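Peer 1: Input structure: target01.cif, which contains mmCIF, C-alpha atoms.
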data_coords
loop_
_atom_site.label_atom_id
_atom_site.label_comp_id
_atom_site.auth_asym_id
_atom_site.auth_seq_id
_atom_site.Cartn_x
_atom_site.Cartn_y
_atom_site.Cartn_z
CA MET V 1 7.52 -70.93 27.70
CA ARG V 2 8.15 -69.61 31.19
CA LYS V 3 5.78 -70.52 33.98
CA ASN V 4 4.83 -66.89 34.51
CA ASP V 5 3.95 -66.54 30.84
CA ASP V 6 1.68 -69.54 31.19
CA LEU V 7 -0.10 -68.12 34.25
CA GLU V 8 -0.45 -64.78 32.54
CA ILE V 9 -1.98 -66.29 29.40
CA ASN V 10 -4.42 -68.22 31.55
CA ALA V 11 -5.38 -65.04 33.37
CA PHE V 12 -5.68 -63.25 30.02
CA VAL V 13 -8.19 -65.72 28.55
CA ASP V 14 -10.09 -65.76 31.85
CA GLY V 15 -10.47 -61.98 31.92
CA GLU V 16 -8.44 -61.66 35.11
CA LEU V 17 -5.88 -59.11 33.93
CA THR V 18 -6.13 -55.38 34.40
CA VAL V 19 -6.38 -53.15 31.34
CA ASP V 20 -2.69 -52.27 31.53
CA GLU V 21 -1.69 -55.91 31.88
CA ARG V 22 -3.82 -56.83 28.90
CA MET V 23 -2.28 -54.08 26.83
CA ASP V 24 1.22 -55.27 27.73
CA LEU V 25 0.40 -58.85 26.87
CA LEU V 26 -1.23 -57.91 23.58
CA ALA V 27 1.88 -55.92 22.67
CA ALA V 28 4.03 -58.93 23.58
CA MET V 29 1.86 -61.15 21.38
CA GLN V 30 2.46 -58.89 18.42
CA ARG V 31 6.18 -59.40 18.89
CA ASP V 32 5.95 -63.11 19.63
CA PRO V 33 3.71 -65.25 17.37
CA ASP V 34 4.20 -68.29 19.64
CA LEU V 35 2.72 -66.38 22.56
CA ALA V 36 -0.23 -65.31 20.40
CA ARG V 37 -0.80 -68.88 19.26
CA GLU V 38 -0.65 -70.12 22.84
CA ALA V 39 -3.33 -67.61 23.92
CA CYS V 40 -5.47 -68.55 20.96
CA GLU V 41 -5.23 -72.28 21.73
CA MET V 42 -6.01 -71.64 25.39
CA ASN V 43 -9.07 -69.69 24.37
CA ASN V 44 -10.18 -72.49 22.06
CA LEU V 45 -9.78 -75.00 24.87
CA LYS V 46 -12.00 -72.88 27.10
CA SER V 47 -14.70 -72.72 24.42
CA GLN V 48 -14.37 -76.46 23.84
CA LEU V 49 -14.99 -77.17 27.53
CA GLN V 50 -18.06 -74.97 27.59
CA LEU V 51 -19.41 -76.79 24.56
CA ALA V 52 -18.69 -80.22 26.05
CA TYR V 53 -20.77 -79.52 29.16
CA ALA V 54 -23.51 -77.35 27.72
CA ASN V 55 -25.92 -80.27 27.63
CA PRO V 56 -24.85 -83.10 29.93
CA PRO V 57 -26.95 -86.28 30.16
CA GLY V 58 -29.87 -85.85 32.55
CA LEU V 59 -30.04 -82.08 32.27
CA ALA V 60 -33.54 -82.15 30.80
CA ALA V 61 -34.76 -84.48 33.56
CA CYS V 62 -33.26 -82.22 36.18
CA ASN V 63 -35.48 -79.42 34.96
CA VAL V 64 -38.72 -81.39 35.12
CA ALA V 65 -41.21 -80.09 37.67
CA ARG V 66 -39.32 -76.90 38.15
CA GLY V 67 -42.39 -74.85 37.31
CA ARG V 68 -43.87 -72.95 40.16
CA SER V 69 -46.80 -74.65 41.79
CA PRO V 70 -50.08 -72.83 41.21
CA TRP V 71 -50.78 -73.30 44.90
CA LEU V 72 -47.58 -71.48 45.73
CA THR V 73 -48.59 -68.68 43.42
CA ILE V 74 -51.98 -68.44 45.02
CA ALA V 75 -50.43 -68.57 48.48
CA ALA V 76 -47.96 -65.87 47.47
CA SER V 77 -50.75 -63.69 46.19
CA PHE V 78 -52.53 -64.02 49.50
CA VAL V 79 -49.34 -63.01 51.28
CA MET V 80 -49.10 -59.97 49.06
CA LEU V 81 -52.77 -59.27 49.50
CA ALA V 82 -52.41 -59.47 53.24
CA ALA V 83 -49.34 -57.27 53.03
CA GLY V 84 -51.26 -54.69 51.04
CA LEU V 85 -54.19 -54.73 53.43
CA LEU V 86 -51.90 -54.60 56.43
CA GLY V 87 -49.86 -51.80 54.91
CA GLY V 88 -52.99 -49.94 53.91
CA TRP V 89 -54.40 -50.31 57.39
CA LEU V 90 -51.18 -49.32 59.07
CA LEU V 91 -50.36 -46.44 56.82
CA GLY V 92 -53.68 -45.34 55.49
CA ASN V 93 -55.39 -44.33 58.68
CA ALA V 94 -55.58 -40.77 59.90
CA PRO V 95 -53.56 -39.03 57.21
CA ALA V 96 -52.14 -35.69 58.21
CA ASN V 97 -53.44 -33.83 55.22
CA PRO V 98 -56.17 -35.47 53.15
CA GLU V 99 -55.63 -33.38 50.04
CA ARG V 100 -56.77 -34.54 46.66
CA PHE V 101 -54.05 -35.54 44.29
CA VAL V 102 -54.08 -36.21 40.58
CA MET V 103 -53.17 -39.54 39.07
CA LEU V 104 -50.20 -39.49 36.79
CA ASP V 105 -51.63 -40.90 33.70
CA ALA V 106 -53.51 -38.76 31.27
CA GLN V 107 -54.86 -41.62 29.15
CA GLY V 108 -57.32 -42.86 31.69
CA ARG V 109 -55.58 -45.62 33.58
CA GLY V 110 -56.29 -45.02 37.23
CA GLN V 111 -58.15 -41.90 36.26
CA ALA V 112 -60.31 -41.76 39.36
CA PRO V 113 -58.98 -39.00 41.58
CA ALA V 114 -58.26 -40.29 45.02
CA THR V 115 -58.22 -38.77 48.42
CA ALA V 116 -55.97 -39.94 51.15
CA ASP V 117 -58.93 -40.76 53.37
CA SER V 118 -60.78 -42.78 50.75
CA PRO V 119 -61.60 -46.39 51.62
CA GLU V 120 -59.65 -47.90 48.76
CA THR V 121 -56.42 -49.79 49.29
CA ARG V 122 -53.47 -48.06 47.70
CA ILE V 123 -50.09 -49.66 47.32
CA VAL V 124 -46.91 -48.34 45.78
CA PHE V 125 -44.28 -50.92 44.88
CA HIS V 126 -40.81 -49.41 44.72
CA LEU V 127 -38.82 -51.59 42.35
CA THR V 128 -35.04 -51.19 42.66
CA ASN V 129 -34.02 -54.79 42.08
CA PRO V 130 -32.25 -55.38 38.73
CA ASP V 131 -33.25 -59.06 38.61
CA GLN V 132 -36.09 -59.32 36.13
CA ALA V 133 -37.10 -62.70 37.51
CA VAL V 134 -38.00 -60.83 40.68
CA ALA V 135 -39.81 -58.17 38.66
CA GLY V 136 -41.71 -60.93 36.86
CA GLU V 137 -42.86 -62.34 40.17
CA LEU V 138 -43.94 -58.90 41.26
CA LEU V 139 -46.05 -58.56 38.10
CA ASP V 140 -47.62 -61.97 38.77
CA ASP V 141 -48.39 -61.04 42.36
CA VAL V 142 -49.82 -57.67 41.39
CA GLU V 143 -52.01 -59.28 38.74
CA GLN V 144 -53.38 -61.78 41.25
CA MET V 145 -54.01 -58.99 43.72
CA LEU V 146 -55.77 -56.77 41.18
CA SER V 147 -57.91 -59.68 39.99
CA ALA V 148 -58.85 -60.67 43.52
CA TYR V 149 -59.91 -57.12 44.41
CA GLN V 150 -61.80 -56.82 41.14
CA ARG V 151 -63.73 -60.03 41.83
CA GLU V 152 -64.60 -58.83 45.30
CA GLY V 153 -65.56 -55.38 44.04
CA GLN V 154 -63.05 -53.80 46.42
CA PRO V 155 -61.30 -50.60 45.35
CA LEU V 156 -57.56 -50.90 44.86
CA ARG V 157 -54.91 -48.74 43.28
CA VAL V 158 -51.40 -49.93 42.55
CA GLU V 159 -48.33 -48.14 41.29
CA ILE V 160 -45.07 -49.79 40.34
CA VAL V 161 -42.27 -47.25 40.50
CA SER V 162 -39.11 -48.39 38.69
CA HIS V 163 -36.09 -46.63 40.00
CA GLY V 164 -32.32 -47.16 39.94
CA GLU V 165 -31.43 -50.63 38.71
CA GLY V 166 -35.13 -51.52 38.72
CA LEU V 167 -35.59 -49.28 35.67
CA ASP V 168 -34.66 -52.16 33.34
CA LEU V 169 -38.18 -53.52 33.69
CA LEU V 170 -39.52 -50.51 31.82
CA ARG V 171 -36.72 -50.09 29.26
CA GLN V 172 -37.69 -50.89 25.68
CA ARG V 173 -34.41 -52.64 24.98
CA LEU V 174 -34.00 -54.54 28.24
CA SER V 175 -37.43 -55.35 29.58
CA GLN V 176 -38.18 -59.06 29.60
CA HIS V 177 -41.84 -58.49 30.41
CA LYS V 178 -43.07 -56.09 27.72
CA GLY V 179 -46.01 -58.31 26.78
CA LYS V 180 -47.06 -58.79 30.37
CA ILE V 181 -46.82 -55.07 31.12
CA HIS V 182 -48.89 -54.21 28.05
CA GLN V 183 -51.48 -56.82 28.97
CA LEU V 184 -51.74 -55.59 32.58
CA ALA V 185 -51.97 -51.93 31.55
CA GLU V 186 -54.77 -52.80 29.14
CA LYS V 187 -56.64 -54.94 31.64
CA PHE V 188 -56.42 -52.81 34.79
CA ASN V 189 -57.03 -49.08 34.78
CA ASN V 190 -56.10 -48.95 38.46
CA LEU V 191 -52.51 -50.00 37.80
CA THR V 192 -49.83 -47.48 36.83
CA PHE V 193 -46.22 -48.07 35.81
CA VAL V 194 -43.91 -45.24 36.70
CA ALA V 195 -40.33 -44.62 35.52
CA CYS V 196 -37.89 -42.30 37.28
CA LYS V 197 -36.51 -39.54 35.03
CA ASN V 198 -33.50 -38.93 37.24
CA THR V 199 -32.50 -42.55 36.71
CA ILE V 200 -33.09 -42.29 32.97
CA ASP V 201 -30.90 -39.17 32.76
CA ARG V 202 -28.17 -40.79 34.82
CA VAL V 203 -28.12 -43.97 32.71
CA GLN V 204 -28.14 -41.94 29.50
CA VAL V 205 -25.04 -40.10 30.64
CA SER V 206 -23.22 -43.15 31.99
CA GLU V 207 -24.05 -45.48 29.08
CA GLY V 208 -23.98 -42.78 26.41
CA ILE V 209 -27.18 -44.04 24.80
CA GLU V 210 -30.73 -42.85 24.54
CA ILE V 211 -33.08 -44.68 26.90
CA ASN V 212 -36.51 -45.53 25.57
CA ILE V 213 -39.24 -46.32 28.06
CA LEU V 214 -42.23 -48.55 27.37
CA PRO V 215 -45.28 -46.55 26.25
CA GLU V 216 -47.34 -48.03 29.10
CA ALA V 217 -45.19 -46.20 31.66
CA GLU V 218 -45.46 -42.67 32.97
CA ILE V 219 -42.27 -40.74 33.56
CA ILE V 220 -41.91 -38.67 36.70
CA GLU V 221 -39.03 -36.46 37.78
CA SER V 222 -37.85 -38.35 40.84
CA GLY V 223 -38.74 -41.89 41.86
CA VAL V 224 -37.65 -41.31 45.45
CA ASN V 225 -39.69 -38.13 45.83
CA HIS V 226 -42.66 -39.88 44.32
CA VAL V 227 -42.68 -42.82 46.71
CA VAL V 228 -42.15 -40.48 49.65
CA LYS V 229 -45.09 -38.43 48.44
CA ARG V 230 -47.21 -41.55 48.15
CA GLN V 231 -46.35 -42.60 51.69
CA LYS V 232 -47.35 -39.19 52.97
CA GLU V 233 -50.60 -39.58 51.12
CA GLY V 234 -51.28 -42.78 52.98
CA TRP V 235 -50.25 -45.37 50.42
CA ALA V 236 -48.77 -48.65 51.63
CA TYR V 237 -45.15 -48.77 50.57
CA ILE V 238 -43.47 -52.00 49.59
CA ARG V 239 -39.91 -52.06 48.40
CA VAL V 240 -38.97 -54.78 45.94
CA MET G 1 -45.19 -47.91 62.08
CA SER G 2 -44.08 -46.96 58.63
CA GLU G 3 -40.56 -48.07 59.51
CA LYS G 4 -41.61 -51.46 60.82
CA THR G 5 -43.82 -52.41 57.92
CA PRO G 6 -41.21 -52.37 55.14
CA SER G 7 -38.66 -54.24 57.26
CA LEU G 8 -41.11 -57.03 58.01
CA LEU G 9 -42.24 -57.19 54.41
CA SER G 10 -38.74 -56.97 53.04
CA ARG G 11 -37.63 -59.83 55.29
CA LEU G 12 -40.52 -61.99 54.11
CA GLY G 13 -39.86 -60.96 50.55
CA ARG G 14 -36.16 -61.67 50.86
CA ASN G 15 -36.67 -65.23 52.03
CA ARG G 16 -39.21 -65.95 49.35
CA ARG G 17 -37.06 -64.37 46.67
CA LEU G 18 -34.02 -66.32 47.83
CA LYS G 19 -35.89 -69.61 47.90
CA ASN G 20 -36.94 -69.10 44.31
CA ALA G 21 -33.45 -67.99 43.34
CA ILE G 22 -31.94 -71.08 44.97
CA CYS G 23 -34.30 -73.39 43.09
CA GLU G 24 -33.43 -71.63 39.86
CA GLN G 25 -29.79 -72.60 40.32
CA ARG G 26 -30.61 -76.26 39.73
CA GLU G 27 -29.59 -76.42 36.08
CA ARG G 28 -26.33 -74.57 36.59
CA LEU G 29 -25.45 -76.72 39.60
CA TYR G 30 -26.34 -79.93 37.78
CA ARG G 31 -24.09 -79.06 34.86
CA LEU G 32 -21.23 -78.46 37.26
CA ALA G 33 -21.95 -81.54 39.39
CA TRP G 34 -22.05 -83.74 36.33
CA SER G 35 -18.75 -82.34 35.13
CA TRP G 36 -17.24 -83.33 38.48
CA CYS G 37 -18.51 -86.91 38.57
CA HIS G 38 -19.81 -87.81 35.08
CA ASP G 39 -22.61 -89.75 36.72
CA GLN G 40 -26.20 -88.70 36.23
CA HIS G 41 -27.59 -90.15 39.46
CA LEU G 42 -24.76 -88.95 41.61
CA ALA G 43 -24.95 -85.48 40.08
CA ASP G 44 -28.67 -85.41 40.74
CA ASP G 45 -28.17 -86.45 44.38
CA LEU G 46 -25.45 -83.86 44.83
CA VAL G 47 -27.66 -81.09 43.47
CA GLN G 48 -30.68 -82.16 45.52
CA GLU G 49 -28.64 -82.22 48.69
CA THR G 50 -27.08 -78.86 47.86
CA LEU G 51 -30.48 -77.24 47.29
CA ALA G 52 -31.87 -78.77 50.48
CA ARG G 53 -28.95 -77.46 52.52
CA GLY G 54 -29.13 -74.09 50.83
CA LEU G 55 -32.81 -73.73 51.66
CA ALA G 56 -32.23 -74.87 55.25
CA LYS G 57 -29.37 -72.37 55.75
CA ILE G 58 -30.93 -69.49 53.87
CA ASP G 59 -30.60 -67.13 56.83
CA THR G 60 -26.81 -67.48 56.83
CA LEU G 61 -26.50 -65.92 53.39
CA ARG G 62 -25.46 -62.32 54.05
CA GLU G 63 -25.19 -60.92 50.53
CA GLU G 64 -27.81 -61.97 48.02
CA SER G 65 -25.46 -61.17 45.17
CA ARG G 66 -23.16 -63.95 46.43
CA LEU G 67 -25.83 -66.64 46.09
CA GLN G 68 -24.11 -68.55 43.30
CA VAL G 69 -20.77 -68.66 45.08
CA TRP G 70 -22.44 -69.57 48.37
CA LEU G 71 -24.41 -72.48 46.86
CA THR G 72 -21.48 -73.76 44.83
CA ARG G 73 -19.35 -73.73 47.95
CA ILE G 74 -21.97 -75.87 49.69
CA MET G 75 -21.87 -78.29 46.77
CA ALA G 76 -18.07 -78.37 46.70
CA ASN G 77 -18.01 -79.20 50.42
CA LEU G 78 -20.58 -81.95 49.95
CA PHE G 79 -18.57 -83.36 47.08
CA ARG G 80 -15.40 -83.31 49.14
CA ASP G 81 -16.86 -84.65 52.39
CA GLN G 82 -19.27 -87.26 51.08
CA PHE G 83 -18.41 -88.25 47.57
CA ARG G 84 -14.67 -88.54 48.04
CA LYS G 85 -15.01 -90.17 51.45
CA GLN G 86 -17.42 -92.72 50.05
CA ARG G 87 -15.00 -93.52 47.28
CA GLU G 88 -12.13 -94.01 49.70
CA GLU G 89 -14.22 -96.28 51.89
CA THR G 90 -15.52 -98.43 49.08
CA GLY G 91 -12.21 -98.38 47.24
CA THR G 92 -14.08 -98.13 43.99
CA ASP G 93 -11.94 -97.04 41.09
CA ILE G 94 -13.02 -95.38 37.94
CA GLU G 95 -14.84 -97.94 35.90
CA PRO G 96 -14.97 -97.73 32.15
CA VAL G 97 -18.69 -98.25 31.73
CA GLU G 98 -20.28 -98.11 28.33
CA ASN G 99 -22.80 -95.33 28.06
CA GLU G 100 -26.39 -96.19 27.53
CA GLU G 101 -27.85 -94.84 24.36
CA THR G 102 -30.28 -92.06 25.23
CA PRO G 103 -31.83 -89.30 23.15
CA GLU G 104 -29.57 -86.81 24.90
CA ARG G 105 -26.49 -88.87 24.18
CA ALA G 106 -27.52 -89.33 20.58
CA ALA G 107 -27.85 -85.56 20.31
CA ASP G 108 -24.43 -84.74 21.70
CA ARG G 109 -22.39 -87.61 20.41
CA SER G 110 -20.01 -85.39 18.58
CA GLN G 111 -16.52 -86.65 18.92
CA LEU G 112 -15.27 -83.30 20.07
CA VAL G 113 -17.62 -83.38 23.03
CA GLN G 114 -16.74 -86.96 23.88
CA ARG G 115 -13.01 -86.37 23.65
CA THR G 116 -13.22 -83.29 25.83
CA ARG G 117 -15.25 -85.06 28.50
CA ALA G 118 -12.81 -87.96 28.49
CA ALA G 119 -9.93 -85.51 28.93
CA ILE G 120 -11.70 -83.88 31.87
CA ALA G 121 -12.36 -87.31 33.40
CA ALA G 122 -8.65 -88.04 33.25
CA LEU G 123 -7.79 -85.11 35.53
CA ASN G 124 -7.60 -85.54 39.29
CA ASP G 125 -10.49 -84.21 41.41
CA ASP G 126 -8.77 -80.95 42.37
CA GLN G 127 -7.80 -80.06 38.84
CA ARG G 128 -11.19 -81.05 37.46
CA GLN G 129 -13.02 -78.86 39.95
CA ILE G 130 -10.85 -75.85 39.27
CA VAL G 131 -11.10 -76.03 35.52
CA THR G 132 -14.86 -76.63 35.52
CA LEU G 133 -15.52 -73.85 38.02
CA VAL G 134 -13.59 -71.36 35.91
CA ASP G 135 -14.44 -72.52 32.39
CA ILE G 136 -17.89 -74.05 32.67
CA ALA G 137 -19.41 -72.14 35.58
CA GLY G 138 -17.52 -68.94 34.72
CA PHE G 139 -16.37 -68.09 38.23
CA SER G 140 -13.53 -65.63 38.75
CA TYR G 141 -10.30 -66.83 40.33
CA ALA G 142 -11.26 -65.09 43.58
CA ASP G 143 -14.68 -66.76 43.72
CA THR G 144 -13.19 -70.14 42.81
CA ALA G 145 -10.72 -69.69 45.66
CA ARG G 146 -13.60 -68.95 48.06
CA ILE G 147 -15.61 -71.93 46.86
CA LEU G 148 -12.74 -74.37 47.31
CA ASP G 149 -11.22 -72.60 50.31
CA VAL G 150 -7.76 -72.34 48.76
CA PRO G 151 -5.57 -69.32 47.96
CA VAL G 152 -5.96 -67.59 44.60
CA GLY G 153 -2.39 -68.56 43.75
CA THR G 154 -3.34 -72.22 44.15
CA VAL G 155 -6.27 -71.72 41.81
CA MET G 156 -3.96 -70.21 39.21
CA SER G 157 -1.31 -72.90 39.41
CA ARG G 158 -3.82 -75.79 39.46
CA LEU G 159 -5.69 -74.29 36.56
CA SER G 160 -2.53 -73.93 34.55
CA ARG G 161 -1.52 -77.53 35.22
CA ALA G 162 -5.04 -78.80 34.51
CA ARG G 163 -5.20 -77.04 31.16
CA GLY G 164 -1.75 -78.34 30.28
CA LYS G 165 -2.90 -81.90 30.96
CA LEU G 166 -6.12 -81.39 29.05
CA ARG G 167 -4.22 -80.24 26.01
CA GLU G 168 -1.80 -83.15 26.23
CA HIS G 169 -4.68 -85.57 26.52
CA LEU G 170 -6.58 -84.06 23.64
CA GLU G 171 -3.51 -84.02 21.41
CA ARG G 172 -2.73 -87.67 21.92
CA SER G 173 -6.21 -89.21 22.09
CA PRO G 174 -7.28 -90.55 18.70
CA VAL G 175 -10.52 -88.99 17.61
CA THR G 176 -12.16 -92.21 16.49
CA GLN G 177 -11.65 -94.09 19.75
CA ALA G 178 -12.84 -91.44 22.12
CA LYS G 179 -15.64 -92.18 24.53
CA VAL G 180 -16.91 -90.85 27.83
CA VAL G 181 -15.60 -92.67 30.84
CA PRO G 182 -17.72 -92.21 33.96
CA LEU G 183 -15.54 -91.63 36.97
CA ARG G 184 -17.24 -94.26 39.04
CA LYS G 185 -20.49 -96.04 39.49
CA LEU G 186 -22.17 -96.04 42.88
#
Can I see the file as structure tokens?
Peer 2:
Amino acid sequence: MRKNDDLEINAFVDGELTVDERMDLLAAMQRDPDLAREACEMNNLKSQLQLAYANPPGLAACNVARGRSPWLTIAASFVMLAAGLLGGWLLGNAPANPERFVMLDAQGRGQAPATADSPETRIVFHLTNPDQAVAGELLDDVEQMLSAYQREGQPLRVEIVSHGEGLDLLRQRLSQHKGKIHQLAEKFNNLTFVACKNTIDRVQVSEGIEINILPEAEIIESGVNHVVKRQKEGWAYIRV
Amino acid sequence: MSEKTPSLLSRLGRNRRLKNAICEQRERLYRLAWSWCHDQHLADDLVQETLARGLAKIDTLREESRLQVWLTRIMANLFRDQFRKQREETGTDIEPVENEETPERAADRSQLVQRTRAAIAALNDDQRQIVTLVDIAGFSYADTARILDVPVGTVMSRLSRARGKLREHLERSPVTQAKVVPLRKL
């Protein structure tokens, strides 16, 4: 076999060829059984290597004590709490137009109508990050914040607006935190999950599939317009 | 005011997010480090040092999406500068040390696994790193080239040679006599 054939087969099994190059090589394999066998063996070798190092000695020990310290969680929640208070103080004072606005959800979560000059802290989290580990941390932080305010009897309203790549958090098929979202929605009527319809429409067109959103979430027309509206209404805005 | 608040918060959030993301790379880095040295303690040290350096240099990471490549590059440099240097200074060769029987070893004692690891151990450092970065860590040729600071063409040719040697080794090594050979013992 020529050296170039060898490099090409390597690139083929490693997914480094363009579509046209792959098509050419596949056609060549149909004509040349040796070439096809070579690619197959190379692919087997790759799988064999992955298997051989899937569980090296000491891997379990390396994961010990990886869990997040409860103190860190508490500290993080205080940071978020401080951020919310700071944001609320910075953004919530002297609104230009203290009109009443209606909460999104018709089932009662966050049902209390709010005014922009009310004393409660209001925070909108704008989630655009596709990493659900980050979204999970956000949910943890929000839960700590809601619990802390509840204990203190302080009014707080929180919205999590999933937009762009952040929509995955609220997708039935992709969300890794369905249970947590359900639990939070049940527990806190001052927390609202919001999904952006523009994003849903765009993903439906690009992926060619129907997007189902978790029942706990409200769907609004535009995530961007919504967070802008919230900022105008005096909500603290935190992008995640 | 509304412009300053998100930037301050996003900077705080970025650092915290990155610190968590770095710590979550431990398992992936360990798997790779062990494949380079076949020594549990050395792999552990290498990963610890990599994480410590990553956390200390967190501000130098420009693109968050490049975190894996960035950290692996730190580990590859550590491996090259410290591990190899140490080996040259001590003149320690690869020692065929019998493996201790552990629950993990008992679980993965399949001959296929042992033969494959022995074949990897028989490669030179450069070839071993290339093949493990591409096959075990799943990096693209371009990312592997960045991690090892070599041209993509070098990655391709080394990878091809490494796989050729692996196949030769696997074809000629008798299944019943295969065992893992740690590269060295510190």
Peer 1: Pick from V:Asp201, V:Asp131, V:Glu21, V:Glu152: nearest to chain G, with all atoms listed in the file counted?
Peer 2: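 Closest candidate: V:Asp131.
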Peer 1: Just so the selection is clear, what residues does the PyMOL selection byres ((chain V and resi 162) around 10) cover here, as JSON, numbers by chain?
Peer 2: {"V": [125, 126, 127, 128, 129, 130, 135, 159, 160, 161, 163, 164, 165, 166, 167, 168, 169, 170, 171, 193, 194, 195, 196, 197, 199, 217, 219, 223, 224, 240]}
Peer 1: Using only C-alpha atoms, which of G:Asp143, G:Asp125, G:Glu171, G:Asp135 sits nearest chain V?
Peer 2: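 The closest residue to chain V is G:Asp135.
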Peer 1: Name the residues captured by the PyMOL selection byres ((chain G and resi 79) around 10) when it is applied to the shown file; answer as an MDAnalysis selection string.
Peer 2: chainID G and resid 33 36:37 42:43 46 50 73:78 80:86 125
Peer 1: Just want the 8 Å neighbourhood of Leu51 in chain G, counted on all atoms listed in the file, with same-chain residues fewer than 2 positions away dropped. Output as JSON, numbers by chain.
Peer 2: {"G": [22, 23, 26, 47, 48, 49, 53, 54, 55, 71]}
Peer 1: Save out the residues we just selected, C-alpha atoms, as a PDB file, in the frame of the given file.
Peer 2:
ATOM      1  CA  ILE G  22     -31.940 -71.080  44.970  1.00  0.00           C
ATOM      2  CA  CYS G  23     -34.300 -73.390  43.090  1.00  0.00           C
ATOM      3  CA  ARG G  26     -30.610 -76.260  39.730  1.00  0.00           C
ATOM      4  CA  VAL G  47     -27.660 -81.090  43.470  1.00  0.00           C
ATOM      5  CA  GLN G  48     -30.680 -82.160  45.520  1.00  0.00           C
ATOM      6  CA  GLU G  49     -28.640 -82.220  48.690  1.00  0.00           C
ATOM      7  CA  ARG G  53     -28.950 -77.460  52.520  1.00  0.00           C
ATOM      8  CA  GLY G  54     -29.130 -74.090  50.830  1.00  0.00           C
ATOM      9  CA  LEU G  55     -32.810 -73.730  51.660  1.00  0.00           C
ATOM     10  CA  LEU G  71     -24.410 -72.480  46.860  1.00  0.00           C
TER      11      LEU G  71
END
Peer 1: Given all atoms listed in the file as the basis, pick out the residue of V:Arg31, V:Arg37, V:Lys46, V:Lys229 nearest to chain G.
Peer 2: V:Lys46
Peer 1: Convert the output of the PyMOL selection byres ((chain V and resi 13) around 9) on the shown file into explicit residues, formatted as a ChimeraX atom specification.
Peer 2: /V:8-12,14-17,39-40,42-43,46
Peer 1: For chain V, which residue out of G:Lys19, G:Leu123, G:Ser160, G:Asp59 is the nearest one, using all atoms listed in the file?
Peer 2: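 Using all atoms listed in the file, chain V sits closest to G:Ser160.
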Peer 1: With all atoms listed in the file as the atoms that count, which of G:Gln111, G:Gln127, G:Gln40, G:Thr72 lies nearest to chain V?
Peer 2: G:Gln40
Peer 1: Grab the CA of His169 in chain G to CA of Gly138 in chain G distance for me, in Å with one decimal place.
Peer 2: 22.6 Å
Peer 1: Show me as a PyMOL selection string the residues that reach within 12 Å of (-3.9, -78.0, 34.8), counting only C-alpha atoms and using the file's own coordinates.
Peer 2: (chain V and resi 6-7+10+42+45) or (chain G and resi 119-120+122-132+134+154-169)
Peer 1: Just checking: using only C-alpha atoms, which residue out of V:Leu184, V:Leu35, V:Met145, V:Val134 ends up closest to chain G?
Peer 2: V:Val134
Peer 1: Measure the distance from CA of Ile58 in chain G to CA of Glu24 in chain G in Å and round it to one decimal.
Peer 2: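 Separating CA of Ile58 in chain G from CA of Glu24 in chain G is a distance of 14.4 Å.
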Peer 1: Work out how far apart CA of Val113 in chain G and CA of Glu38 in chain V are and give it in Å to one decimal.
Peer 2: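 Separation of CA of Val113 in chain G and CA of Glu38 in chain V: 21.5 Å.
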Peer 1: Just want the 12 Å neighbourhood of Val69 in chain G, counted on all atoms listed in the file, with same-chain residues fewer than 6 positions away dropped. Output as a PyMOL selection string.
Peer 2: chain G and resi 22+25+28-29+54+61-63+75-76+133-134+137-149
Peer 1: Just to be explicit: take each residue in the selection above, keep C-alpha atoms, and write the result as a compact mmCIF listing (two decimals), in the coordinates of the input.
Peer 2:
# COMPACT_ATOMS: atom_id res chain seq x y z
CA ILE G 22 -31.94 -71.08 44.97
CA GLN G 25 -29.79 -72.60 40.32
CA ARG G 28 -26.33 -74.57 36.59
CA LEU G 29 -25.45 -76.72 39.60
CA GLY G 54 -29.13 -74.09 50.83
CA LEU G 61 -26.50 -65.92 53.39
CA ARG G 62 -25.46 -62.32 54.05
CA GLU G 63 -25.19 -60.92 50.53
CA MET G 75 -21.87 -78.29 46.77
CA ALA G 76 -18.07 -78.37 46.70
CA LEU G 133 -15.52 -73.85 38.02
CA VAL G 134 -13.59 -71.36 35.91
CA ALA G 137 -19.41 -72.14 35.58
CA GLY G 138 -17.52 -68.94 34.72
CA PHE G 139 -16.37 -68.09 38.23
CA SER G 140 -13.53 -65.63 38.75
CA TYR G 141 -10.30 -66.83 40.33
CA ALA G 142 -11.26 -65.09 43.58
CA ASP G 143 -14.68 -66.76 43.72
CA THR G 144 -13.19 -70.14 42.81
CA ALA G 145 -10.72 -69.69 45.66
CA ARG G 146 -13.60 -68.95 48.06
CA ILE G 147 -15.61 -71.93 46.86
CA LEU G 148 -12.74 -74.37 47.31
CA ASP G 149 -11.22 -72.60 50.31
Peer 1: Within 9 Å of Ala54 in chain V, counting all atoms listed in the file, which residues qualify if same-chain residues fewer than 3 places away don't, as a VMD selection string?
Peer 2: (chain V and resid 49 to 51) or (chain G and resid 31 136)
